[in-house]
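Colleague: Quick one, query.cif (mmCIF, N, CA and C atoms and all ligand atoms):
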data_protein
loop_
_atom_site.label_atom_id
_atom_site.label_comp_id
_atom_site.auth_asym_id
_atom_site.auth_seq_id
_atom_site.Cartn_x
_atom_site.Cartn_y
_atom_site.Cartn_z
N MET A 1 -50.46 13.88 -23.92
CA MET A 1 -51.12 14.70 -22.89
C MET A 1 -50.45 16.06 -22.81
N ALA A 2 -51.25 17.09 -22.64
CA ALA A 2 -50.70 18.46 -22.60
C ALA A 2 -49.88 18.68 -21.34
N THR A 3 -48.79 19.39 -21.48
CA THR A 3 -47.96 19.71 -20.32
C THR A 3 -48.60 20.86 -19.53
N LEU A 4 -48.13 21.02 -18.31
CA LEU A 4 -48.58 22.12 -17.44
C LEU A 4 -48.47 23.46 -18.18
N PHE A 5 -47.34 23.66 -18.86
CA PHE A 5 -47.15 24.96 -19.50
C PHE A 5 -48.02 25.13 -20.75
N GLU A 6 -48.35 24.02 -21.43
CA GLU A 6 -49.31 24.12 -22.52
C GLU A 6 -50.66 24.56 -21.97
N LYS A 7 -51.03 24.02 -20.81
CA LYS A 7 -52.32 24.36 -20.21
C LYS A 7 -52.34 25.82 -19.77
N ILE A 8 -51.19 26.35 -19.34
CA ILE A 8 -51.12 27.78 -19.00
C ILE A 8 -51.26 28.60 -20.28
N CYS A 9 -50.62 28.15 -21.36
CA CYS A 9 -50.70 28.89 -22.64
C CYS A 9 -52.13 28.97 -23.16
N THR A 10 -52.90 27.91 -22.96
CA THR A 10 -54.28 27.91 -23.47
C THR A 10 -55.27 28.51 -22.48
N GLY A 11 -54.82 28.80 -21.25
CA GLY A 11 -55.70 29.38 -20.24
C GLY A 11 -56.42 28.34 -19.41
N GLU A 12 -56.14 27.05 -19.67
CA GLU A 12 -56.80 25.98 -18.90
C GLU A 12 -56.38 26.03 -17.43
N ILE A 13 -55.11 26.41 -17.20
CA ILE A 13 -54.60 26.59 -15.84
C ILE A 13 -54.21 28.06 -15.71
N PRO A 14 -54.67 28.73 -14.62
CA PRO A 14 -54.38 30.16 -14.49
C PRO A 14 -52.92 30.43 -14.15
N ALA A 15 -52.44 31.58 -14.56
CA ALA A 15 -51.09 32.03 -14.23
C ALA A 15 -51.09 33.55 -14.27
N ASP A 16 -50.08 34.11 -13.64
CA ASP A 16 -49.94 35.57 -13.62
C ASP A 16 -49.16 35.97 -14.88
N ILE A 17 -49.88 36.16 -15.96
CA ILE A 17 -49.26 36.42 -17.27
C ILE A 17 -48.83 37.88 -17.38
N VAL A 18 -47.56 38.08 -17.75
CA VAL A 18 -47.05 39.46 -17.89
C VAL A 18 -46.93 39.87 -19.36
N TYR A 19 -46.88 38.89 -20.26
CA TYR A 19 -46.75 39.20 -21.70
C TYR A 19 -47.18 37.96 -22.48
N GLN A 20 -47.81 38.18 -23.63
CA GLN A 20 -48.06 37.04 -24.53
C GLN A 20 -48.20 37.55 -25.94
N ASP A 21 -47.85 36.70 -26.88
CA ASP A 21 -48.08 37.00 -28.30
C ASP A 21 -48.40 35.68 -29.00
N GLU A 22 -48.36 35.68 -30.31
CA GLU A 22 -48.79 34.48 -31.05
C GLU A 22 -47.82 33.31 -30.92
N VAL A 23 -46.59 33.59 -30.48
CA VAL A 23 -45.56 32.55 -30.40
C VAL A 23 -45.32 32.07 -28.96
N CYS A 24 -45.36 32.99 -28.00
CA CYS A 24 -44.94 32.63 -26.64
C CYS A 24 -45.76 33.35 -25.58
N VAL A 25 -45.64 32.81 -24.36
CA VAL A 25 -46.36 33.36 -23.20
C VAL A 25 -45.35 33.50 -22.07
N CYS A 26 -45.45 34.60 -21.33
CA CYS A 26 -44.55 34.85 -20.21
C CYS A 26 -45.38 35.08 -18.95
N PHE A 27 -45.04 34.35 -17.88
CA PHE A 27 -45.83 34.44 -16.64
C PHE A 27 -44.90 34.33 -15.44
N ARG A 28 -45.37 34.80 -14.29
CA ARG A 28 -44.54 34.78 -13.08
C ARG A 28 -44.38 33.36 -12.56
N ASP A 29 -43.14 33.03 -12.16
CA ASP A 29 -42.87 31.72 -11.57
C ASP A 29 -43.61 31.62 -10.24
N ILE A 30 -44.24 30.47 -10.01
CA ILE A 30 -45.05 30.27 -8.81
C ILE A 30 -44.18 30.20 -7.55
N ASN A 31 -42.90 29.91 -7.71
CA ASN A 31 -41.96 29.78 -6.58
C ASN A 31 -40.72 30.63 -6.91
N PRO A 32 -40.87 31.95 -6.85
CA PRO A 32 -39.81 32.83 -7.37
C PRO A 32 -38.49 32.71 -6.61
N GLY A 33 -37.41 32.72 -7.39
CA GLY A 33 -36.07 32.66 -6.81
C GLY A 33 -35.41 34.02 -6.77
N ALA A 34 -36.13 35.05 -7.16
CA ALA A 34 -35.61 36.42 -7.16
C ALA A 34 -36.82 37.35 -7.21
N PRO A 35 -36.63 38.63 -6.85
CA PRO A 35 -37.77 39.56 -6.86
C PRO A 35 -38.50 39.58 -8.21
N THR A 36 -37.75 39.49 -9.28
CA THR A 36 -38.36 39.30 -10.61
C THR A 36 -37.98 37.91 -11.09
N HIS A 37 -38.97 37.07 -11.32
CA HIS A 37 -38.72 35.70 -11.82
C HIS A 37 -39.91 35.30 -12.66
N VAL A 38 -39.72 35.34 -13.96
CA VAL A 38 -40.78 34.94 -14.88
C VAL A 38 -40.28 33.82 -15.79
N LEU A 39 -41.22 33.11 -16.37
CA LEU A 39 -40.92 32.02 -17.30
C LEU A 39 -41.47 32.39 -18.66
N LEU A 40 -40.64 32.26 -19.67
CA LEU A 40 -41.08 32.51 -21.05
C LEU A 40 -41.15 31.16 -21.74
N VAL A 41 -42.32 30.80 -22.24
CA VAL A 41 -42.51 29.48 -22.86
C VAL A 41 -43.10 29.64 -24.25
N PRO A 42 -42.71 28.77 -25.17
CA PRO A 42 -43.33 28.80 -26.50
C PRO A 42 -44.70 28.12 -26.44
N ARG A 43 -45.63 28.59 -27.25
CA ARG A 43 -46.93 27.91 -27.31
C ARG A 43 -46.74 26.49 -27.86
N LYS A 44 -45.77 26.34 -28.76
CA LYS A 44 -45.46 25.02 -29.31
C LYS A 44 -44.77 24.18 -28.23
N ALA A 45 -45.20 22.93 -28.07
CA ALA A 45 -44.68 22.09 -26.99
C ALA A 45 -43.37 21.41 -27.39
N ILE A 46 -42.28 22.17 -27.34
CA ILE A 46 -40.95 21.59 -27.52
C ILE A 46 -40.50 21.13 -26.12
N PRO A 47 -40.16 19.86 -25.92
CA PRO A 47 -39.88 19.38 -24.56
C PRO A 47 -38.70 20.09 -23.89
N ARG A 48 -37.63 20.30 -24.62
CA ARG A 48 -36.46 20.99 -24.04
C ARG A 48 -35.58 21.50 -25.17
N LEU A 49 -34.65 22.40 -24.82
CA LEU A 49 -33.86 23.07 -25.85
C LEU A 49 -33.17 22.08 -26.78
N ALA A 50 -32.61 21.01 -26.21
CA ALA A 50 -31.85 20.06 -27.02
C ALA A 50 -32.74 19.30 -28.01
N MET A 51 -34.05 19.42 -27.88
CA MET A 51 -34.96 18.74 -28.80
C MET A 51 -35.53 19.70 -29.84
N ALA A 52 -35.10 20.95 -29.81
CA ALA A 52 -35.54 21.90 -30.84
C ALA A 52 -34.94 21.48 -32.18
N GLN A 53 -35.67 21.75 -33.25
CA GLN A 53 -35.26 21.34 -34.59
C GLN A 53 -34.93 22.57 -35.44
N GLU A 54 -34.36 22.31 -36.61
CA GLU A 54 -34.00 23.41 -37.52
C GLU A 54 -35.18 24.34 -37.77
N ASP A 55 -36.36 23.77 -37.92
CA ASP A 55 -37.51 24.64 -38.23
C ASP A 55 -38.04 25.39 -37.00
N ASP A 56 -37.36 25.26 -35.87
CA ASP A 56 -37.70 26.06 -34.68
C ASP A 56 -36.80 27.30 -34.58
N ALA A 57 -35.94 27.51 -35.58
CA ALA A 57 -34.99 28.63 -35.50
C ALA A 57 -35.69 29.98 -35.33
N ALA A 58 -36.74 30.21 -36.09
CA ALA A 58 -37.44 31.50 -35.99
C ALA A 58 -38.10 31.64 -34.63
N LEU A 59 -38.67 30.55 -34.14
CA LEU A 59 -39.32 30.56 -32.81
C LEU A 59 -38.29 30.91 -31.73
N LEU A 60 -37.11 30.27 -31.80
CA LEU A 60 -36.08 30.52 -30.77
C LEU A 60 -35.57 31.95 -30.86
N GLY A 61 -35.40 32.45 -32.07
CA GLY A 61 -34.97 33.83 -32.24
C GLY A 61 -36.01 34.81 -31.69
N HIS A 62 -37.25 34.50 -31.97
CA HIS A 62 -38.35 35.35 -31.46
C HIS A 62 -38.34 35.35 -29.94
N MET A 63 -38.12 34.18 -29.34
CA MET A 63 -38.12 34.12 -27.87
C MET A 63 -36.98 34.94 -27.28
N LEU A 64 -35.80 34.87 -27.87
CA LEU A 64 -34.67 35.64 -27.34
C LEU A 64 -34.93 37.14 -27.47
N LEU A 65 -35.53 37.55 -28.56
CA LEU A 65 -35.88 38.97 -28.69
C LEU A 65 -36.95 39.36 -27.68
N THR A 66 -37.84 38.41 -27.40
CA THR A 66 -38.92 38.68 -26.43
C THR A 66 -38.36 38.82 -25.02
N VAL A 67 -37.26 38.12 -24.72
CA VAL A 67 -36.62 38.26 -23.40
C VAL A 67 -36.30 39.74 -23.15
N GLY A 68 -35.71 40.40 -24.13
CA GLY A 68 -35.38 41.82 -23.98
C GLY A 68 -36.64 42.67 -23.79
N LYS A 69 -37.67 42.32 -24.54
CA LYS A 69 -38.93 43.07 -24.43
C LYS A 69 -39.52 42.93 -23.03
N VAL A 70 -39.54 41.68 -22.52
CA VAL A 70 -40.09 41.43 -21.18
C VAL A 70 -39.22 42.12 -20.12
N ALA A 71 -37.90 42.07 -20.28
CA ALA A 71 -37.00 42.72 -19.31
C ALA A 71 -37.30 44.22 -19.24
N ARG A 72 -37.55 44.84 -20.39
CA ARG A 72 -37.89 46.27 -20.40
C ARG A 72 -39.24 46.50 -19.72
N LEU A 73 -40.17 45.61 -20.01
CA LEU A 73 -41.52 45.70 -19.44
C LEU A 73 -41.48 45.61 -17.91
N LEU A 74 -40.61 44.75 -17.39
CA LEU A 74 -40.54 44.51 -15.94
C LEU A 74 -39.51 45.41 -15.26
N GLY A 75 -38.81 46.22 -16.04
CA GLY A 75 -37.87 47.19 -15.46
C GLY A 75 -36.57 46.60 -14.98
N VAL A 76 -36.13 45.49 -15.56
CA VAL A 76 -34.84 44.91 -15.16
C VAL A 76 -33.81 44.96 -16.30
N ASP A 77 -34.16 45.63 -17.38
CA ASP A 77 -33.24 45.66 -18.53
C ASP A 77 -31.95 46.39 -18.20
N GLU A 78 -32.03 47.46 -17.40
CA GLU A 78 -30.81 48.21 -17.09
C GLU A 78 -30.13 47.71 -15.82
N SER A 79 -30.91 47.29 -14.82
CA SER A 79 -30.31 46.78 -13.58
C SER A 79 -29.67 45.42 -13.83
N GLY A 80 -30.17 44.68 -14.80
CA GLY A 80 -29.60 43.37 -15.16
C GLY A 80 -30.50 42.22 -14.82
N PHE A 81 -30.32 41.15 -15.53
CA PHE A 81 -31.12 39.94 -15.30
C PHE A 81 -30.33 38.75 -15.81
N ARG A 82 -30.77 37.58 -15.42
CA ARG A 82 -30.14 36.34 -15.91
C ARG A 82 -31.18 35.52 -16.65
N LEU A 83 -30.73 34.92 -17.74
CA LEU A 83 -31.59 34.03 -18.54
C LEU A 83 -31.10 32.61 -18.31
N VAL A 84 -32.00 31.73 -17.86
CA VAL A 84 -31.61 30.34 -17.54
C VAL A 84 -32.52 29.38 -18.29
N ILE A 85 -31.91 28.38 -18.90
CA ILE A 85 -32.69 27.28 -19.50
C ILE A 85 -32.16 25.98 -18.89
N ASN A 86 -32.98 25.33 -18.08
CA ASN A 86 -32.58 24.04 -17.50
C ASN A 86 -32.96 22.95 -18.49
N ASN A 87 -31.95 22.16 -18.88
CA ASN A 87 -32.17 21.11 -19.88
C ASN A 87 -31.78 19.76 -19.28
N GLY A 88 -32.79 18.97 -18.91
CA GLY A 88 -32.53 17.61 -18.45
C GLY A 88 -32.26 17.48 -16.96
N PRO A 89 -32.10 16.24 -16.49
CA PRO A 89 -32.01 15.93 -15.05
C PRO A 89 -30.88 16.65 -14.32
N HIS A 90 -29.68 16.67 -14.84
CA HIS A 90 -28.57 17.31 -14.12
C HIS A 90 -28.79 18.81 -13.94
N ALA A 91 -29.59 19.40 -14.81
CA ALA A 91 -29.86 20.84 -14.71
C ALA A 91 -31.08 21.13 -13.83
N GLY A 92 -31.77 20.07 -13.39
CA GLY A 92 -32.93 20.27 -12.52
C GLY A 92 -34.21 20.60 -13.27
N GLU A 93 -34.26 20.25 -14.55
CA GLU A 93 -35.49 20.49 -15.32
C GLU A 93 -36.64 19.69 -14.72
N THR A 94 -37.75 20.37 -14.41
CA THR A 94 -38.89 19.69 -13.79
C THR A 94 -40.14 19.68 -14.68
N VAL A 95 -40.21 20.59 -15.65
CA VAL A 95 -41.37 20.62 -16.54
C VAL A 95 -40.87 20.39 -17.97
N PRO A 96 -41.32 19.29 -18.61
CA PRO A 96 -40.80 18.94 -19.94
C PRO A 96 -41.45 19.76 -21.06
N HIS A 97 -41.30 21.07 -20.95
CA HIS A 97 -41.80 22.01 -21.97
C HIS A 97 -40.82 23.18 -21.93
N LEU A 98 -40.10 23.39 -23.02
CA LEU A 98 -39.07 24.43 -23.06
C LEU A 98 -39.51 25.70 -22.34
N HIS A 99 -38.67 26.19 -21.44
CA HIS A 99 -38.98 27.44 -20.75
C HIS A 99 -37.70 28.18 -20.42
N MET A 100 -37.75 29.49 -20.55
CA MET A 100 -36.63 30.35 -20.22
C MET A 100 -36.97 31.09 -18.93
N HIS A 101 -36.09 30.92 -17.91
CA HIS A 101 -36.26 31.69 -16.67
C HIS A 101 -35.62 33.06 -16.87
N ILE A 102 -36.31 34.11 -16.54
CA ILE A 102 -35.73 35.46 -16.51
C ILE A 102 -35.74 35.91 -15.05
N LEU A 103 -34.53 36.08 -14.50
CA LEU A 103 -34.39 36.38 -13.07
C LEU A 103 -33.69 37.72 -12.90
N GLY A 104 -34.20 38.54 -11.99
CA GLY A 104 -33.56 39.82 -11.75
C GLY A 104 -34.11 40.46 -10.48
N GLY A 105 -33.72 41.70 -10.26
CA GLY A 105 -34.21 42.44 -9.09
C GLY A 105 -33.30 42.35 -7.90
N ARG A 106 -32.21 41.61 -8.00
CA ARG A 106 -31.20 41.54 -6.94
C ARG A 106 -29.90 41.06 -7.56
N ASP A 107 -28.79 41.17 -6.77
CA ASP A 107 -27.52 40.61 -7.24
C ASP A 107 -27.64 39.10 -7.28
N LEU A 108 -27.23 38.50 -8.38
CA LEU A 108 -27.30 37.04 -8.54
C LEU A 108 -25.89 36.47 -8.46
N GLU A 109 -25.75 35.36 -7.74
CA GLU A 109 -24.42 34.78 -7.57
C GLU A 109 -23.96 34.04 -8.82
N TRP A 110 -22.66 33.95 -8.97
CA TRP A 110 -22.08 33.19 -10.07
C TRP A 110 -20.83 32.50 -9.58
N PRO A 111 -20.55 31.24 -9.87
CA PRO A 111 -21.40 30.38 -10.69
C PRO A 111 -22.63 29.89 -9.93
N PRO A 112 -23.67 29.48 -10.65
CA PRO A 112 -24.86 28.94 -9.99
C PRO A 112 -24.53 27.62 -9.31
N GLY A 113 -25.37 27.19 -8.38
CA GLY A 113 -25.11 25.97 -7.61
C GLY A 113 -25.20 24.72 -8.45
P1 LIG A 201 -37.41 24.01 -14.22
O1 LIG A 201 -36.97 23.55 -12.87
O2 LIG A 201 -36.37 24.73 -15.00
O3 LIG A 201 -38.09 22.91 -15.00
O4 LIG A 201 -38.50 25.14 -13.94
C1 LIG A 201 -39.84 24.90 -13.73
C2 LIG A 201 -40.36 26.12 -13.01
O5 LIG A 201 -41.76 26.12 -13.12
C3 LIG A 201 -40.03 26.18 -11.52
O6 LIG A 201 -39.28 27.35 -11.23
C4 LIG A 201 -41.41 26.21 -10.85
O7 LIG A 201 -41.46 27.04 -9.71
C5 LIG A 201 -42.29 26.73 -11.97
N1 LIG A 201 -43.69 26.36 -11.91
C6 LIG A 201 -44.20 25.13 -11.67
N2 LIG A 201 -45.54 25.17 -11.72
C7 LIG A 201 -45.88 26.46 -12.02
C8 LIG A 201 -47.12 27.14 -12.20
N3 LIG A 201 -48.31 26.49 -12.10
N4 LIG A 201 -47.10 28.46 -12.47
C9 LIG A 201 -45.93 29.12 -12.55
N5 LIG A 201 -44.72 28.53 -12.40
C10 LIG A 201 -44.71 27.22 -12.12
#
Can you dump the structure from the file as structure tokens?
Ligand code: AMP

Modeller:
Amino acid sequence: MATLFEKICTGEIPADIVYQDEVCVCFRDINPGAPTHVLLVPRKAIPRLAMAQEDDAALLGHMLLTVGKVARLLGVDESGFRLVINNGPHAGETVPHLHMHILGGRDLEWPPG
């Protein structure tokens, strides 16, 4: 069965999309934790980072480069942003489809809770 984020990638479920290309889609988090909070997801349904395979190397590299592109697009590249990937129960992962949180627009605390 398709995950929520697969359905957003195909347009079956609406989202506030800020960027998309042939590999990934970036949209605003429905419950933002910062003034800028978007999720970058691959169109390919990789459940979580630890389940990525060797042949996902190009996809993962593309996503990391896209983080910079999205940060510039949203105007947080110079003020700063945090990239978060929650992997598994202890990290609070709630959607089993790899996603990168890009958070910015305010001072972020460290370490995270
Ligand atoms: P995680 O806790 O790392 O699995 O992150 C899942 C994120 O998805 C949370 O920050 C949610 O607020 C967000 N989310 C859940 N449903 C949607 C949706 N329909 N559109 C946008 N973001 C969503």

Colleague: Show me which residues line ligand LIG 201 (chain A), defined as having an atom within 5 Å of a ligand atom where only N, CA and C atoms and all ligand atoms count, and present them as a PDB file with N, CA and C atoms, in the frame of the given file.

Modeller:
ATOM      1  N   ARG A  28     -45.370  34.800 -14.290  1.00  0.00           N
ATOM      2  CA  ARG A  28     -44.540  34.780 -13.080  1.00  0.00           C
ATOM      3  C   ARG A  28     -44.380  33.360 -12.560  1.00  0.00           C
ATOM      4  N   ASP A  29     -43.140  33.030 -12.160  1.00  0.00           N
ATOM      5  CA  ASP A  29     -42.870  31.720 -11.570  1.00  0.00           C
ATOM      6  C   ASP A  29     -43.610  31.620 -10.240  1.00  0.00           C
ATOM      7  N   ILE A  30     -44.240  30.470 -10.010  1.00  0.00           N
ATOM      8  CA  ILE A  30     -45.050  30.270  -8.810  1.00  0.00           C
ATOM      9  C   ILE A  30     -44.180  30.200  -7.550  1.00  0.00           C
ATOM     10  N   ASN A  31     -42.900  29.910  -7.710  1.00  0.00           N
ATOM     11  CA  ASN A  31     -41.960  29.780  -6.580  1.00  0.00           C
ATOM     12  C   ASN A  31     -40.720  30.630  -6.910  1.00  0.00           C
ATOM     13  N   ASN A  86     -32.980  25.330 -18.080  1.00  0.00           N
ATOM     14  CA  ASN A  86     -32.580  24.040 -17.500  1.00  0.00           C
ATOM     15  C   ASN A  86     -32.960  22.950 -18.490  1.00  0.00           C
ATOM     16  N   GLY A  92     -31.770  20.070 -13.390  1.00  0.00           N
ATOM     17  CA  GLY A  92     -32.930  20.270 -12.520  1.00  0.00           C
ATOM     18  C   GLY A  92     -34.210  20.600 -13.270  1.00  0.00           C
ATOM     19  N   GLU A  93     -34.260  20.250 -14.550  1.00  0.00           N
ATOM     20  CA  GLU A  93     -35.490  20.490 -15.320  1.00  0.00           C
ATOM     21  C   GLU A  93     -36.640  19.690 -14.720  1.00  0.00           C
ATOM     22  N   THR A  94     -37.750  20.370 -14.410  1.00  0.00           N
ATOM     23  CA  THR A  94     -38.890  19.690 -13.790  1.00  0.00           C
ATOM     24  C   THR A  94     -40.140  19.680 -14.680  1.00  0.00           C
ATOM     25  N   VAL A  95     -40.210  20.590 -15.650  1.00  0.00           N
ATOM     26  CA  VAL A  95     -41.370  20.620 -16.540  1.00  0.00           C
ATOM     27  C   VAL A  95     -40.870  20.390 -17.970  1.00  0.00           C
TER      28      VAL A  95
END

Colleague: Identify which of the residues A:Asp107, A:Tyr19, A:Pro42, A:Pro89 lies closest to Phe5 in chain A, counting all atoms listed in the file when measuring atom-to-atom distances.

Modeller: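 Closest to Phe5 in chain A of all the choices is A:Pro42.
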
Colleague: Identify which of the residues A:Leu74, A:Met63, A:Val84, A:Met51 lies closest to Ile17 in chain A, counting only C-alpha atoms when measuring atom-to-atom distances.

Modeller: A:Leu74

Colleague: For the atom pair atom C of Asp77 in chain A and CA of Leu49 in chain A, what is the interatomic distance in Å to one decimal place?

Modeller: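 Distance reported for this atom pair: 24.6 Å.
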
Colleague: Here is a test: counting only C-alpha atoms, which residue of A:Asp16, A:Glu78, A:Asp56, A:Asp21 is nearest to Leu98 in chain A?

Modeller: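 Closest residue, counting only C-alpha atoms: A:Asp56.
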
Colleague: Kindly compute an axis-aligned box around the listed atoms of range 34-38 of chain A, allowing 3 Å on each side, and express its centre and edge lengths in Å to one decimal as lines of an AutoDock Vina configuration file.

Modeller:
center_x = -38.2
center_y = 36.7
center_z = -11.3
size_x = 11.2
size_y = 11.8
size_z = 14.9

Colleague: To one decimal place, how far is atom N of Lys69 in chain A from atom N of Leu108 in chain A in Å?

Modeller: 19.6 Å

Colleague: Would you mind writing down, as an NGL selection string, each residue of range 27-75 of chain A that DSSP on the backbone assigns to strand (DSSP E)?

Modeller: :A and (27-28 or 36-42)

Colleague: Record the distance separating atom C of Ile102 in chain A and CA of Phe81 in chain A, expressed in Å with one decimal.

Modeller: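 Rounded to one decimal, the two atoms are 6.1 Å apart.
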
Colleague: Between A:Gly61, A:Gly105, A:Gly11, A:Pro32, which one has atoms that come closest to Val76 in chain A, using only N, CA and C atoms?

Modeller: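 Selected residue with least distance to Val76 in chain A: A:Gly105.
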
Colleague: If you run DSSP over the backbone, which residues in range 3-105 of chain A end up helix (DSSP H, G or I)? Put them as a JSON list (two decimals) with N, CA and C atoms, keeping the file's coordinate frame.

Modeller:
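After the write, part.json holds the following:
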[["chain", "number", "residue", "atom", "x", "y", "z"],
["A", 4, "LEU", "N", -48.13, 21.02, -18.31],
["A", 4, "LEU", "CA", -48.58, 22.12, -17.44],
["A", 4, "LEU", "C", -48.47, 23.46, -18.18],
["A", 5, "PHE", "N", -47.34, 23.66, -18.86],
["A", 5, "PHE", "CA", -47.15, 24.96, -19.50],
["A", 5, "PHE", "C", -48.02, 25.13, -20.75],
["A", 6, "GLU", "N", -48.35, 24.02, -21.43],
["A", 6, "GLU", "CA", -49.31, 24.12, -22.52],
["A", 6, "GLU", "C", -50.66, 24.56, -21.97],
["A", 7, "LYS", "N", -51.03, 24.02, -20.81],
["A", 7, "LYS", "CA", -52.32, 24.36, -20.21],
["A", 7, "LYS", "C", -52.34, 25.82, -19.77],
["A", 8, "ILE", "N", -51.19, 26.35, -19.34],
["A", 8, "ILE", "CA", -51.12, 27.78, -19.00],
["A", 8, "ILE", "C", -51.26, 28.60, -20.28],
["A", 9, "CYS", "N", -50.62, 28.15, -21.36],
["A", 9, "CYS", "CA", -50.70, 28.89, -22.64],
["A", 9, "CYS", "C", -52.13, 28.97, -23.16],
["A", 10, "THR", "N", -52.90, 27.91, -22.96],
["A", 10, "THR", "CA", -54.28, 27.91, -23.47],
["A", 10, "THR", "C", -55.27, 28.51, -22.48],
["A", 49, "LEU", "N", -34.65, 22.40, -24.82],
["A", 49, "LEU", "CA", -33.86, 23.07, -25.85],
["A", 49, "LEU", "C", -33.17, 22.08, -26.78],
["A", 50, "ALA", "N", -32.61, 21.01, -26.21],
["A", 50, "ALA", "CA", -31.85, 20.06, -27.02],
["A", 50, "ALA", "C", -32.74, 19.30, -28.01],
["A", 51, "MET", "N", -34.05, 19.42, -27.88],
["A", 51, "MET", "CA", -34.96, 18.74, -28.80],
["A", 51, "MET", "C", -35.53, 19.70, -29.84],
["A", 54, "GLU", "N", -34.36, 22.31, -36.61],
["A", 54, "GLU", "CA", -34.00, 23.41, -37.52],
["A", 54, "GLU", "C", -35.18, 24.34, -37.77],
["A", 55, "ASP", "N", -36.36, 23.77, -37.92],
["A", 55, "ASP", "CA", -37.51, 24.64, -38.23],
["A", 55, "ASP", "C", -38.04, 25.39, -37.00],
["A", 56, "ASP", "N", -37.36, 25.26, -35.87],
["A", 56, "ASP", "CA", -37.70, 26.06, -34.68],
["A", 56, "ASP", "C", -36.80, 27.30, -34.58],
["A", 57, "ALA", "N", -35.94, 27.51, -35.58],
["A", 57, "ALA", "CA", -34.99, 28.63, -35.50],
["A", 57, "ALA", "C", -35.69, 29.98, -35.33],
["A", 58, "ALA", "N", -36.74, 30.21, -36.09],
["A", 58, "ALA", "CA", -37.44, 31.50, -35.99],
["A", 58, "ALA", "C", -38.10, 31.64, -34.63],
["A", 59, "LEU", "N", -38.67, 30.55, -34.14],
["A", 59, "LEU", "CA", -39.32, 30.56, -32.81],
["A", 59, "LEU", "C", -38.29, 30.91, -31.73],
["A", 60, "LEU", "N", -37.11, 30.27, -31.80],
["A", 60, "LEU", "CA", -36.08, 30.52, -30.77],
["A", 60, "LEU", "C", -35.57, 31.95, -30.86],
["A", 61, "GLY", "N", -35.40, 32.45, -32.07],
["A", 61, "GLY", "CA", -34.97, 33.83, -32.24],
["A", 61, "GLY", "C", -36.01, 34.81, -31.69],
["A", 62, "HIS", "N", -37.25, 34.50, -31.97],
["A", 62, "HIS", "CA", -38.35, 35.35, -31.46],
["A", 62, "HIS", "C", -38.34, 35.35, -29.94],
["A", 63, "MET", "N", -38.12, 34.18, -29.34],
["A", 63, "MET", "CA", -38.12, 34.12, -27.87],
["A", 63, "MET", "C", -36.98, 34.94, -27.28],
["A", 64, "LEU", "N", -35.80, 34.87, -27.87],
["A", 64, "LEU", "CA", -34.67, 35.64, -27.34],
["A", 64, "LEU", "C", -34.93, 37.14, -27.47],
["A", 65, "LEU", "N", -35.53, 37.55, -28.56],
["A", 65, "LEU", "CA", -35.88, 38.97, -28.69],
["A", 65, "LEU", "C", -36.95, 39.36, -27.68],
["A", 66, "THR", "N", -37.84, 38.41, -27.40],
["A", 66, "THR", "CA", -38.92, 38.68, -26.43],
["A", 66, "THR", "C", -38.36, 38.82, -25.02],
["A", 67, "VAL", "N", -37.26, 38.12, -24.72],
["A", 67, "VAL", "CA", -36.62, 38.26, -23.40],
["A", 67, "VAL", "C", -36.30, 39.74, -23.15],
["A", 68, "GLY", "N", -35.71, 40.40, -24.13],
["A", 68, "GLY", "CA", -35.38, 41.82, -23.98],
["A", 68, "GLY", "C", -36.64, 42.67, -23.79],
["A", 69, "LYS", "N", -37.67, 42.32, -24.54],
["A", 69, "LYS", "CA", -38.93, 43.07, -24.43],
["A", 69, "LYS", "C", -39.52, 42.93, -23.03],
["A", 70, "VAL", "N", -39.54, 41.68, -22.52],
["A", 70, "VAL", "CA", -40.09, 41.43, -21.18],
["A", 70, "VAL", "C", -39.22, 42.12, -20.12],
["A", 71, "ALA", "N", -37.90, 42.07, -20.28],
["A", 71, "ALA", "CA", -37.00, 42.72, -19.31],
["A", 71, "ALA", "C", -37.30, 44.22, -19.24],
["A", 72, "ARG", "N", -37.55, 44.84, -20.39],
["A", 72, "ARG", "CA", -37.89, 46.27, -20.40],
["A", 72, "ARG", "C", -39.24, 46.50, -19.72],
["A", 73, "LEU", "N", -40.17, 45.61, -20.01],
["A", 73, "LEU", "CA", -41.52, 45.70, -19.44],
["A", 73, "LEU", "C", -41.48, 45.61, -17.91],
["A", 74, "LEU", "N", -40.61, 44.75, -17.39],
["A", 74, "LEU", "CA", -40.54, 44.51, -15.94],
["A", 74, "LEU", "C", -39.51, 45.41, -15.26],
["A", 89, "PRO", "N", -32.10, 16.24, -16.49],
["A", 89, "PRO", "CA", -32.01, 15.93, -15.05],
["A", 89, "PRO", "C", -30.88, 16.65, -14.32],
["A", 90, "HIS", "N", -29.68, 16.67, -14.84],
["A", 90, "HIS", "CA", -28.57, 17.31, -14.12],
["A", 90, "HIS", "C", -28.79, 18.81, -13.94],
["A", 91, "ALA", "N", -29.59, 19.40, -14.81],
["A", 91, "ALA", "CA", -29.86, 20.84, -14.71],
["A", 91, "ALA", "C", -31.08, 21.13, -13.83]]

Colleague: Can you find the residues with an atom no farther than 8 Å from (-49.7, 27.7, -24.3), counting only N, CA and C atoms, and report them as a PyMOL selection string?

Modeller: chain A and resi 4-12+23-25+41-45

Colleague: With all atoms listed in the file as the basis for distance, which of A:Leu64, A:Gly88, A:Gly104, A:Trp110 is at the shortest distance from Arg48 in chain A?

Modeller: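 Under the stated criterion, the closest residue is A:Gly88.
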
Colleague: Nearest to Ala50 in chain A among A:Asn87, A:Arg82, A:Ile13, A:Leu103, with distances taken over all atoms listed in the file: which residue is it?

Modeller: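 Among the listed residues, the smallest separation from Ala50 in chain A belongs to A:Asn87.
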